[in-house]
Each structure stands twice: as structure tokens, then as C-alpha cells.
Protein chains: 2
Amino acid sequence: MRIMQTIIDTQQRILDSARELIFSRSYADVGVAAICEHAGVKKGSFYHFFPSKQALTIAILDAQFDDTQSKMIGQAFADDVPPLARLGRFVDMAYLFQKQLSVHSGRVLGCPFGNLANELSTQDEPIREKIQQTFARLQNLISGVLQAAQQAGDLAQDIDAGKTAHSMLAYFEGVMLLAKNQNDPDVIRELLPTMVQMRVQKVA
Amino acid sequence: MRIMQTIIDTQQRILDSARELIFSRSYADVGVAAICEHAGVKKGSFYHFFPSKQALTIAILDAQFDDTQSKMIGQAFADDVPPLARLGRFVDMAYLFQKQLSVHSGRVLGCPFGNLANELSTQDEPIREKIQQTFARLQNLISGVLQAAQQAGDLAQDIDAGKTAHSMLAYFEGVMLLAKNQNDPDVIRELLPTMVQMRVQKVA
DNA sequence: GCAGATCTTGACCGACCGGTCGACTTGCCG
DNA sequence: CGGCAAGTCGACCGGTCGGTCAAGATCTGC
């Protein structure tokens, strides 16, 4: 009897369940069995769609990036305001997202990419690479905004957009880590706005 | 026959082994059995000295803080140079440590506190708290240097030393995370010096 | 309606998890 | 020397880990 089961197909349910569980706990703490139970699926089906937990995780990273881009970055970085204001908007959204998430789960969950990066970078090379690529894409998006700011004359030409974006990304991840550790979204509200002020100059 | 065994006592060997293994892999990936094997000790002895893996981890955090303070912070923050130069020295040492470590292990391992914070903050409340305290101590040490810089006239009075130290700590952790993910110590050399430039102003 | 591909199911695998326990050895003190 | 505490040991616990498999159910195109 195929009633609700195929309306949202099995593969998607596994992906969504895994994303939610791993994001709110950790890779190691969420077993395949737990994912299957949450998705209402048996383990055999899991391995019909995904060859391994590792492969599932790589698929999660793609899904999470798409989600983040459409729900956060795409909105924050829309060009209806000046470039630097877009970064400010991003900072505000990051706080609101984490705040909202923490109300539901009672926990500040931090950055999904940072969490997996920290947990698995020394242990799983394919996942490490995938996250590295994801970080590179995020950095490029920020770098693009900084370059737009330079073209608009709102940012000095001697600023290195790429390195500044890299630093901003690092700072963002660090703030998320501290907020997660202190389990307090206000850490984000206090610290993250400083990100917009960061500047790294070009070296000769 | 008690030859080498008690020269460095068992408890210390367990602690050191666990520190090395967990730091170079992760909490979840290093089992009690692996720690015992590395320490040349049987599991029964482990549980004679430590009531649980969690308790061991909390002891590790204390040991790691002491180590970090004596081998890094104490040296970098010595008052033989002006306050802001101490921060620069700290940055250099952080790079050298990670570089050296990565030569031995083939991996950039990142910050021991940040690693555990990220992995366990949502899962183990006592450990989360312990790391929070550790971060607070680190932040205070940085804050002290910034206040010294203000007294020396090298840093404007309208800078919020506490918040700036908090931001610096966040940035430090973020840089370590990115370096670990990219498995490249040069990330630290490129990004971390920017930490010394960070400033957060007091709010009215 | 039939065949073949596409799922789904549940039982099962060996390995490992953190932790327990009682018996034993060893060091120390009177 | 005796005795007791401190430390060591190895077998063992129930449970979970990621992953496998063969058989059956269901969907699809002809």
C-alpha cells in the first residue's frame, strides 16, 4: 500500500531526516538506524538509495548548500541595497536563524558546514574535500560582494577582497562555534556584526 | 615486576595517551579500548582511575589548558615586549605549533578546545561547561594583554577590551577550523595575523 | 497480463562501544 | 612477617555500529 510514502519520495525523506538529525547532533552520534527510524524507512531501503553513510553525508552537504543559498545568502545578498549593507543583512539573518533554531531545539546548533568540517576533516577525506569546496563557494560569494563594494566606491581599492572574504568566513565560523559552545544566540548578535568591519589589505 | 610501568604512573599514561589520540582524531572516534592499548594498560585499570570516558575528557581539558598556558601563552605573553607585540608573538607561535604538528601527523589538527567544543557542546553538558570555562580563561588572558596595551597608550581607550578579546578568540577558532579543513598550516600564516588588528569599540 | 526493473522488508553479520566484575598481584605499613 | 589497600587483569555484559542479503512486493512499459 503506497499512500503517503511516495508523495515525498523515500530518498528525499532519508536525506531530510539525516540532515536534521546530524545537524542537531553530530555525524558520529547519529547512526544509520536512527536516520531510518526518523524517516520511517527500513535499513535495506537506505542502502538501496545510498551506498554508504559517507555518500549520504556528501549528498547532505549539497542539499544544505542549496538550502542556505536560497534561504539565506540569496536573500541577504540581493542587490536591492548597497554591497556592504548586504553583509549587514547577512549578519542579521544568521543571528535570527540561529535564534529561531535554538528556540525549537533548546540548543544553538552552529554552522552545519563548520560542524561537519570540525568533526570529520581529519577522518574522512572525501567529506573533508566536499566541505572545502563548499567553504570556497561561500568565500567566493562574500568576495563578490566585497568587489561590488569596491566598484561602488564603498570599499578601498587596496583591500584584498579574496583574503578579506576568507577572514570573514573564518570569523563567522569562529563566532558560530563560540555561540554553540556557550549555547547562547546572543553571542552571535554581539560578535558577528564586527565581521562587516574586517579588512585585509593587499600585499605588494 | 614493576619496571618502567610506575616510573611514569599509569594514570598519567592514560591521560597522555587519551589526549594525544583524541586530539589527533576525535572524541567519538577514539574508544576507551584504543586509549588503553596506546597506554599499555588494561580496561580494568582505566576504570580504576577514571569513572567514565566523560570524566577523563574533563581531566584532559585541564591538562591541555595547563600545557597550553606553559608552552604557548605564558611564553608569548611574557612582558619582555610591548603588549600588542605579545599578540603577534602568539600568532606566530600558533602557526609554528600547528605547522610542526602537521609535519608529524600529516594533518592540521586545529585547536584542541575548539575541536571538542564543536563535537560535544550539543551532546555533553558537563564537557560543554568545562570548555566554556576554558574559553573564558583564554579570553581573559587576551583581554589582559589588551588592557595592558591601553595602559601603555598603544591602544585607544574607547576599545572594549573584553569584547575585542572575545572577537579575537572567535577569529582564532575560525582560522584554526579552516586550516584544519583545508589541511594546510599556511592558512594560519595567511589569516591569523589579522587577529591582532581586530578592534571592537565600547558601546554607550 | 506479463516481464523486468525498481523499491521494500526484516533478518542477519562481525566488530566495536562504554562499562562491570571478581579474582589476582603488588606495594606499603605496622 | 602479616594484612590491607592500591592497582592490575582478562573475561564478560548488553547494546549499537555500518553494512549485507535474499526474498518478496510494487510499479512500469509492452
# chains A, B, ... in the order shown; residues from 1 in each chain; ligands from 1
>>> interface_residues(of="chain C", to="chain B", cutoff="12 Å", atoms="only C-alpha atoms (C1' of nucleotides)", output="list in words")
DC16, DC17, DG18, DG19, DT20, DC21, DG22, DT25, DT26 and DG27 of chain C
>>> interface_residues(of="chain D", to="chain A", cutoff="10 Å", atoms="only C-alpha atoms (C1' of nucleotides)", output="PyMOL selection string")
chain D and resi 16-21+25-26
>>> interface_residues(of="chain B", to="chain A", cutoff="7 Å", atoms="only C-alpha atoms", output="list of chain:residue names")
B:Arg25, B:Ser26, B:Ala28, B:Arg107, B:Asn115, B:Ala117, B:Asn118, B:Glu119, B:Ser121, B:Thr122, B:Gln123, B:Arg128, B:Gln132, B:Ser167, B:Ala170, B:Tyr171, B:Glu173, B:Gly174, B:Val175, B:Leu177, B:Leu178, B:Lys180, B:Asn181, B:Gln182, B:Leu191
>>> write_last_selection(atoms="C-alpha atoms", output="PDB file, in the first residue's frame")
ATOM      1  CA  ARG B  25      41.226  12.147  15.834  1.00  0.00           C
ATOM      2  CA  SER B  26      38.065  12.958  17.780  1.00  0.00           C
ATOM      3  CA  ALA B  28      33.817   9.695  19.240  1.00  0.00           C
ATOM      4  CA  ARG B 107      47.224  16.614   9.383  1.00  0.00           C
ATOM      5  CA  ASN B 115      37.528  20.580  18.342  1.00  0.00           C
ATOM      6  CA  ALA B 117      33.631  22.241  21.753  1.00  0.00           C
ATOM      7  CA  ASN B 118      32.283  21.653  18.309  1.00  0.00           C
ATOM      8  CA  GLU B 119      31.871  17.922  18.705  1.00  0.00           C
ATOM      9  CA  SER B 121      28.694  21.080  23.024  1.00  0.00           C
ATOM     10  CA  THR B 122      25.274  19.849  21.950  1.00  0.00           C
ATOM     11  CA  GLN B 123      25.717  16.429  23.472  1.00  0.00           C
ATOM     12  CA  ARG B 128      30.393  21.823  27.277  1.00  0.00           C
ATOM     13  CA  GLN B 132      33.156  27.258  28.148  1.00  0.00           C
ATOM     14  CA  SER B 167      36.163  38.525  18.916  1.00  0.00           C
ATOM     15  CA  ALA B 170      36.322  33.655  17.815  1.00  0.00           C
ATOM     16  CA  TYR B 171      38.542  34.594  14.909  1.00  0.00           C
ATOM     17  CA  GLU B 173      38.988  29.397  16.432  1.00  0.00           C
ATOM     18  CA  GLY B 174      37.599  30.079  12.994  1.00  0.00           C
ATOM     19  CA  VAL B 175      41.032  30.271  11.417  1.00  0.00           C
ATOM     20  CA  LEU B 177      38.871  25.383  11.789  1.00  0.00           C
ATOM     21  CA  LEU B 178      39.515  26.500   8.223  1.00  0.00           C
ATOM     22  CA  LYS B 180      42.097  22.038   9.682  1.00  0.00           C
ATOM     23  CA  ASN B 181      39.513  21.665   6.959  1.00  0.00           C
ATOM     24  CA  GLN B 182      41.945  22.694   4.232  1.00  0.00           C
ATOM     25  CA  LEU B 191      44.831  34.703   8.060  1.00  0.00           C
TER      26      LEU B 191
END
>>> atom_distance(atom1="CA of Ala152 (chain A)", atom2="CA of Gln139 (chain A)")
19.9 Å
>>> residues_around(residues="DG4 (chain C)", least_positions_apart="4", cutoff="12 Å", atoms="only C-alpha atoms (C1' of nucleotides)", output="list in words")
DC27, DT28, DG29 and DC30 of chain D
>>> write_last_selection(atoms="N, CA and C atoms (P, O5', C5', C4', C3', O3' and C1' of nucleotides)", output="PDB file, in the first residue's frame")
ATOM      1  P    DC D  27       2.434   0.487  -6.111  1.00  0.00           P
ATOM      2  O5'  DC D  27       3.205   0.918  -7.442  1.00  0.00           O
ATOM      3  C5'  DC D  27       4.455   1.592  -7.340  1.00  0.00           C
ATOM      4  C4'  DC D  27       5.217   1.453  -8.647  1.00  0.00           C
ATOM      5  C3'  DC D  27       4.490   1.992  -9.880  1.00  0.00           C
ATOM      6  O3'  DC D  27       5.268   3.040 -10.440  1.00  0.00           O
ATOM      7  C1'  DC D  27       5.493  -0.123 -10.312  1.00  0.00           C
ATOM      8  P    DT D  28       4.648   3.935 -11.607  1.00  0.00           P
ATOM      9  O5'  DT D  28       5.280   3.258 -12.901  1.00  0.00           O
ATOM     10  C5'  DT D  28       6.704   3.186 -13.038  1.00  0.00           C
ATOM     11  C4'  DT D  28       7.043   2.402 -14.304  1.00  0.00           C
ATOM     12  C3'  DT D  28       6.240   2.840 -15.526  1.00  0.00           C
ATOM     13  O3'  DT D  28       7.127   3.412 -16.482  1.00  0.00           O
ATOM     14  C1'  DT D  28       6.321   0.447 -15.330  1.00  0.00           C
ATOM     15  P    DG D  29       6.470   4.028 -17.821  1.00  0.00           P
ATOM     16  O5'  DG D  29       6.754   2.865 -18.865  1.00  0.00           O
ATOM     17  C5'  DG D  29       8.089   2.359 -19.042  1.00  0.00           C
ATOM     18  C4'  DG D  29       8.063   1.171 -19.990  1.00  0.00           C
ATOM     19  C3'  DG D  29       7.419   1.427 -21.349  1.00  0.00           C
ATOM     20  O3'  DG D  29       8.150   0.722 -22.347  1.00  0.00           O
ATOM     21  C1'  DG D  29       6.253  -0.314 -20.266  1.00  0.00           C
ATOM     22  P    DC D  30       7.767   0.844 -23.865  1.00  0.00           P
ATOM     23  O5'  DC D  30       7.186  -0.603 -24.189  1.00  0.00           O
ATOM     24  C5'  DC D  30       8.028  -1.752 -24.063  1.00  0.00           C
ATOM     25  C4'  DC D  30       7.181  -3.021 -24.239  1.00  0.00           C
ATOM     26  C3'  DC D  30       6.410  -3.112 -25.556  1.00  0.00           C
ATOM     27  O3'  DC D  30       6.633  -4.362 -26.157  1.00  0.00           O
ATOM     28  C1'  DC D  30       4.964  -3.517 -23.737  1.00  0.00           C
TER      29       DC D  30
END
>>> select_by_dssp(residues="region 80-163 of chain A", states="helix (DSSP H, G or I)", output="VMD selection string")
chain A and resid 83 to 105 112 to 120 125 to 151 161 to 163
>>> atom_distance(atom1="CA of Asp67 (chain A)", atom2="CA of Val30 (chain A)")
21.2 Å
>>> closest_residue(among="B:Ala18, B:Ile188, B:Met93, B:Val41", to="DG7 (chain D)", atoms="only C-alpha atoms (C1' of nucleotides)")
B:Val41
>>> atom_distance(atom1="CA of Ser102 (chain A)", atom2="CA of Arg189 (chain A)")
13.6 Å
>>> decode(residues="region 6-51 of chain B", atoms="C-alpha atoms", output="short mmCIF file (atom, residue, chain, number, x, y, z; two decimals), in the first residue's frame")
data_model
loop_
_atom_site.label_atom_id
_atom_site.label_comp_id
_atom_site.auth_asym_id
_atom_site.auth_seq_id
_atom_site.Cartn_x
_atom_site.Cartn_y
_atom_site.Cartn_z
CA THR B 6 55.36 3.03 37.56
CA ILE B 7 58.13 5.43 36.68
CA ILE B 8 55.52 7.42 34.86
CA ASP B 9 52.43 6.34 36.63
CA THR B 10 49.52 4.64 34.98
CA GLN B 11 47.04 7.42 35.45
CA GLN B 12 49.33 9.87 33.72
CA ARG B 13 49.96 7.48 30.83
CA ILE B 14 46.22 7.08 30.32
CA LEU B 15 45.75 10.83 30.40
CA ASP B 16 48.57 11.49 27.95
CA SER B 17 47.52 8.75 25.56
CA ALA B 18 43.94 9.90 25.56
CA ARG B 19 44.98 13.47 24.99
CA GLU B 20 47.13 12.56 22.03
CA LEU B 21 44.61 10.23 20.44
CA ILE B 22 41.51 12.33 20.95
CA PHE B 23 43.30 15.46 19.84
CA SER B 24 44.52 13.86 16.63
CA ARG B 25 41.23 12.15 15.83
CA SER B 26 38.06 12.96 17.78
CA TYR B 27 36.20 12.08 20.94
CA ALA B 28 33.82 9.69 19.24
CA ASP B 29 36.46 8.06 17.09
CA VAL B 30 38.75 7.13 19.95
CA GLY B 31 37.35 4.38 22.12
CA VAL B 32 38.36 3.51 25.64
CA ALA B 33 39.93 0.33 24.29
CA ALA B 34 42.17 2.30 21.93
CA ILE B 35 43.27 4.59 24.73
CA CYS B 36 44.13 1.62 26.91
CA GLU B 37 46.07 -0.07 24.16
CA HIS B 38 48.07 3.07 23.45
CA ALA B 39 48.80 3.49 27.15
CA GLY B 40 49.70 -0.20 27.59
CA VAL B 41 47.01 -0.66 30.17
CA LYS B 42 44.01 -2.87 30.52
CA LYS B 43 40.50 -1.57 30.60
CA GLY B 44 40.03 -2.53 34.23
CA SER B 45 42.85 -0.19 35.21
CA PHE B 46 41.32 2.62 33.18
CA TYR B 47 38.13 2.45 35.18
CA HIS B 48 40.09 2.22 38.38
CA PHE B 49 41.39 5.75 37.76
CA PHE B 50 38.58 7.34 35.80
CA PRO B 51 34.89 6.73 36.44
#
